Amino acid sequence: MEMARNCDRETEEAEAGGGGRNSSIHGDVLEEVVSRVSALDLLHVSRVSRGWRTAAISSLLCRRRPPCLLLRLQSRRRASAHVYDPISGAWRDVPIPPEASLHGLDAPRVAALASSLSGGPRFYALSSSKLALAADPLGTAWRDLEPPRCWRTDPTVALVGTRLVVAGGGCALEGNAGSVEMCDAYGGGGGCWWEPCEAMPEAFRLSPAISAAASERRLYVVERQPPFGASWFDTETRRWGPTRSLSVPDPTARHVAIGFSNGRLLLAAAGGSGMGWGWAAESVRVWMVEEETLEVASEEVVAEMPREMVAALAEDGGGGWGLPSIGFLCESDFAYFYNPVYLKEFFLCEQQAAGGSGCRWQRVEPPACVEQRPIDKVALGCCQNGSRLYKYLKKEDKVIRVLSLVLNRIELIGNLIFGSDVAPLVLKTVRPSGQALVDDWVCLKTVVQAFELHCGSLTQYGMKYMRAFVNICNEVSRRMGWKKLVVMSVEATTQLSGVPLSMATVHDLVSQNCTSSAMYEYRWADGVQIKKPIEVSAPKYVEYLMEWIEVQLDDESIFPQKLGTPFPANFKDVVKTIFKRLFRVYAHIYHSHFQKIVSLKEEAHLNTCFKHFILFTYEFGLIDKKEIAPLQELIESIVL
Amino acid sequence: MGKTIKLISGDGEMFEVEEAVAFQSNIIKSLADEDNADDCIPLPRVDSQILSKVLEFCRKHANSPSVHTKFAAIPSELCPKHDGSAAGASSSESSSAHSETCRACYDAVMKLVQWDLEFVKVDLDLIHHLLKAANYLDIEDLMFMAVEGAANAIRGNNPEEIRKLFDLENDFTPEEEKEILKEYSWLDDPFEP
């Protein structure tokens, strides 16, 4: 029986493979191979052939992506920002508009802040009269805030949830040493009101070098040098927790740094040998720290840097200082290490997630500009490659975005049918060999056809997700009447994902031909930038709407990109608003531009789209009856 | 020594190896669990040349299974320095912790990794066969290293060279090629805003 099973597996693979004498390298194996090569090689891989391109792209998508490294240089004369994309292995310069560069004689000091928001700012700018938070991860735009009441230099600044905490730093006034202030950086109303809170514990008031990390609720601080005093500040209770010396498992440790990622507090420590000035770094290790009691979990070393890399980290060009302190930036399962004083190289560490322990390490060259700058003008951060950074990393991500749209639509379908808690499991199930792969081939073909009809061709990229389709079909045919539900949910994705594309044509149409704009008034407000409804012409309304929908679709908190992330509680309300506005566009087209559509012979297409749109909104109750009134007759005539 | 297993390759040659060596293959392990009275397991899809290479790999890894999938996990009872005196060392977490702190284990693992890297510095044909064999016999570590060997062949080569090495056809249409090149044009123009 086993032998028969093996034979089946072999033939299955041989049939599924394509091209070349080496049919063994295809599918999952090819993806494994491709995921081992560096990013630059990946570019070459994706140009070899179609099958390889598929493998390259899906390995990019399905493997975890390391975060980008952000680097900002400030000098008197100018400022520059650079982003390192580990996938392509290249640094990119990011242009900074002149008003955002913040250089000059009384320029505020730009520094990195610890932040728990995944797409949020990584830098802040502080001077005696000014405080600004970067509006995007890199600081190409700034949000001005009221500076805190107590002026200080080099404070510890962190964004804990949406609250900005400024603690310690050098204060001119004795009584203010160690003062802590907190404000809601993203509250409404523009200004931010600083609340004084319990002052920092005694140990931190003399402002030794401090390493800070932020979780959703707490700010953790640790002294970088022995005795490694540590404490946390809770933004809800506005109080400090217990202060203690961290018991670093390595007794030779001289420098530590902390970071918070993936819900864990991590401690990086550099240990070595030698005494006093003769101390030389020999090891860099990372441990987990318990959040409440600040106990270091010494049994398990989360990561250990290879020795050659530690030597390179401590490389100081002969100055004799070795490793004066350790730079540690962490995000999800990755971390960057660097020598903050002699910024020669970065070291990227990836933790193995697939059940094993141990890490993979990689060296990263700094950008050319860093060599010439004095180091204290450099601010560093790291940021998961959220949609905010897409516009800097442009083209190669376009491909990934396309693919992630496909994946997103499939997840949306799965979520609509099975509910978001069960869906990821269903989509990824693999049947044990021996069972039939697909219960109902007709169902599968229908679903794929329906998907392709409404959501665009699957293309060779989307074939990867055939397993998800199969699982959907199998589950659905097992559980419930499948036809109606599958078709409805496929249309959901048409409506939501295909909208920007079809709306683009609508926009062109409307803006070219709209002469009736004077007769109808459209009011647009999106509640974020435009709060009070403003009067706009029809083309403008469509344009605003298009942009706004694109923003919604890009917003990962509403339309999550990652498998398994749940949809927000107000998801239906968001969808209802989108559909209400889309309906108005349909109404406008039917009222004002129908003749043009007929002359283009597109009325059948328009009617079909509209019919699906209306059926879907009826099914899920997305638009109120009074909104639909303008097209009531049309609806009754089209919809049977 | 321990019990031995007899394996018969596709072209009829017989190999006799210890259990610890053969059982790294999950397939062989599950086949041997069945009632094979004569302990002879036929492997029709694996040639004797490939099988001998596979067994060479397995012999080297007999004492340290899953080195690559579970990094540095030498069970401490097999540590060359200690003699099993470490307490409760059966779980993989304590094994890895042991290996991280025990210098002897760490060195042994590093040596093994070096040996593995040399092992896969062979020509691509053999790598393909090893991949197939590792897949068929379900040997995790061999799969890991064979994949590494294939990746070695890709690194540093441009698409044309990769196609030659792997004997692949360029099935893009000229328009598609142009599109792809456009997508990566930013590589040449780093200051494009």
# chains A, B, ... in the order shown; residues from 1 in each chain; ligands from 1
call {"tool": "residues_around", "arguments": {"residues": "A:Asp136", "least_positions_apart": "4", "cutoff": "7 Å", "atoms": "only C-alpha atoms", "output": "MDAnalysis selection string"}}
result
chainID A and resid 120:121 140:141
call {"tool": "residues_around", "arguments": {"residues": "B:Thr4", "least_positions_apart": "3", "cutoff": "10 Å", "atoms": "only C-alpha atoms", "output": "list in words"}}
result
Met1, Leu7, Phe15, Glu16, Val17, Glu18, Glu19, Ala20, Val21, Ala22 and Asp39 of chain B
call {"tool": "write_last_selection", "arguments": {"atoms": "C-alpha atoms", "output": "JSON list (two decimals), in the first residue's frame"}}
result
[["chain", "number", "residue", "atom", "x", "y", "z"],
["B", 1, "MET", "CA", 25.92, -3.33, 16.63],
["B", 7, "LEU", "CA", 17.85, -2.02, 1.02],
["B", 15, "PHE", "CA", 22.91, -2.22, 0.73],
["B", 16, "GLU", "CA", 22.99, -3.21, 4.35],
["B", 17, "VAL", "CA", 22.95, -0.38, 6.84],
["B", 18, "GLU", "CA", 22.19, 0.16, 10.48],
["B", 19, "GLU", "CA", 18.77, 1.18, 11.61],
["B", 20, "ALA", "CA", 19.89, 4.59, 12.84],
["B", 21, "VAL", "CA", 21.21, 5.34, 9.37],
["B", 22, "ALA", "CA", 18.26, 4.01, 7.40],
["B", 39, "ASP", "CA", 14.03, -7.18, 6.33]]
call {"tool": "residues_around", "arguments": {"residues": "stretch 48-52 of chain B", "least_positions_apart": "6", "cutoff": "7 Å", "atoms": "only C-alpha atoms", "output": "ChimeraX atom specification"}}
result
/B:9-11,13,129-130
call {"tool": "atom_distance", "arguments": {"atom1": "atom CA of A:Val37", "atom2": "atom CA of B:Ala151"}}
result
6.1 Å
call {"tool": "closest_residue", "arguments": {"among": "B:Gln24, B:Asn158, B:Asn135, B:Gln114", "to": "chain A", "atoms": "only C-alpha atoms"}}
result
B:Asn158
call {"tool": "atom_distance", "arguments": {"atom1": "atom CA of A:Gly259", "atom2": "atom CA of A:Ser211"}}
result
8.3 Å
call {"tool": "atom_distance", "arguments": {"atom1": "atom CA of B:Asp138", "atom2": "atom CA of B:Cys40"}}
result
18.4 Å
call {"tool": "residues_around", "arguments": {"residues": "stretch 359-373 of chain A", "least_positions_apart": "5", "cutoff": "6 Å", "atoms": "only C-alpha atoms", "output": "ChimeraX atom specification"}}
result
/A:345-352
call {"tool": "residues_around", "arguments": {"residues": "A:Ala604", "least_positions_apart": "6", "cutoff": "12 Å", "atoms": "only C-alpha atoms", "output": "list in words"}}
result
Phe594, Ile597, Val598, Phe610, Lys611 and Ile638 of chain A
call {"tool": "write_last_selection", "arguments": {"atoms": "N, CA and C atoms", "output": "PDB file, in the first residue's frame"}}
result
ATOM      1  N   PHE A 594     -26.183  57.733 -19.846  1.00  0.00           N
ATOM      2  CA  PHE A 594     -26.600  56.458 -20.416  1.00  0.00           C
ATOM      3  C   PHE A 594     -26.528  56.466 -21.941  1.00  0.00           C
ATOM      4  N   ILE A 597     -23.140  55.705 -23.063  1.00  0.00           N
ATOM      5  CA  ILE A 597     -22.827  54.285 -22.854  1.00  0.00           C
ATOM      6  C   ILE A 597     -23.438  53.456 -23.976  1.00  0.00           C
ATOM      7  N   VAL A 598     -24.640  53.786 -24.338  1.00  0.00           N
ATOM      8  CA  VAL A 598     -25.288  53.039 -25.427  1.00  0.00           C
ATOM      9  C   VAL A 598     -24.496  53.225 -26.710  1.00  0.00           C
ATOM     10  N   PHE A 610     -24.223  46.314 -12.861  1.00  0.00           N
ATOM     11  CA  PHE A 610     -25.157  46.906 -11.910  1.00  0.00           C
ATOM     12  C   PHE A 610     -26.050  45.838 -11.290  1.00  0.00           C
ATOM     13  N   LYS A 611     -26.424  44.859 -12.136  1.00  0.00           N
ATOM     14  CA  LYS A 611     -27.288  43.800 -11.608  1.00  0.00           C
ATOM     15  C   LYS A 611     -26.583  43.041 -10.496  1.00  0.00           C
ATOM     16  N   ILE A 638     -34.571  45.427 -14.214  1.00  0.00           N
ATOM     17  CA  ILE A 638     -33.405  44.582 -14.504  1.00  0.00           C
ATOM     18  C   ILE A 638     -33.412  43.342 -13.633  1.00  0.00           C
TER      19      ILE A 638
END
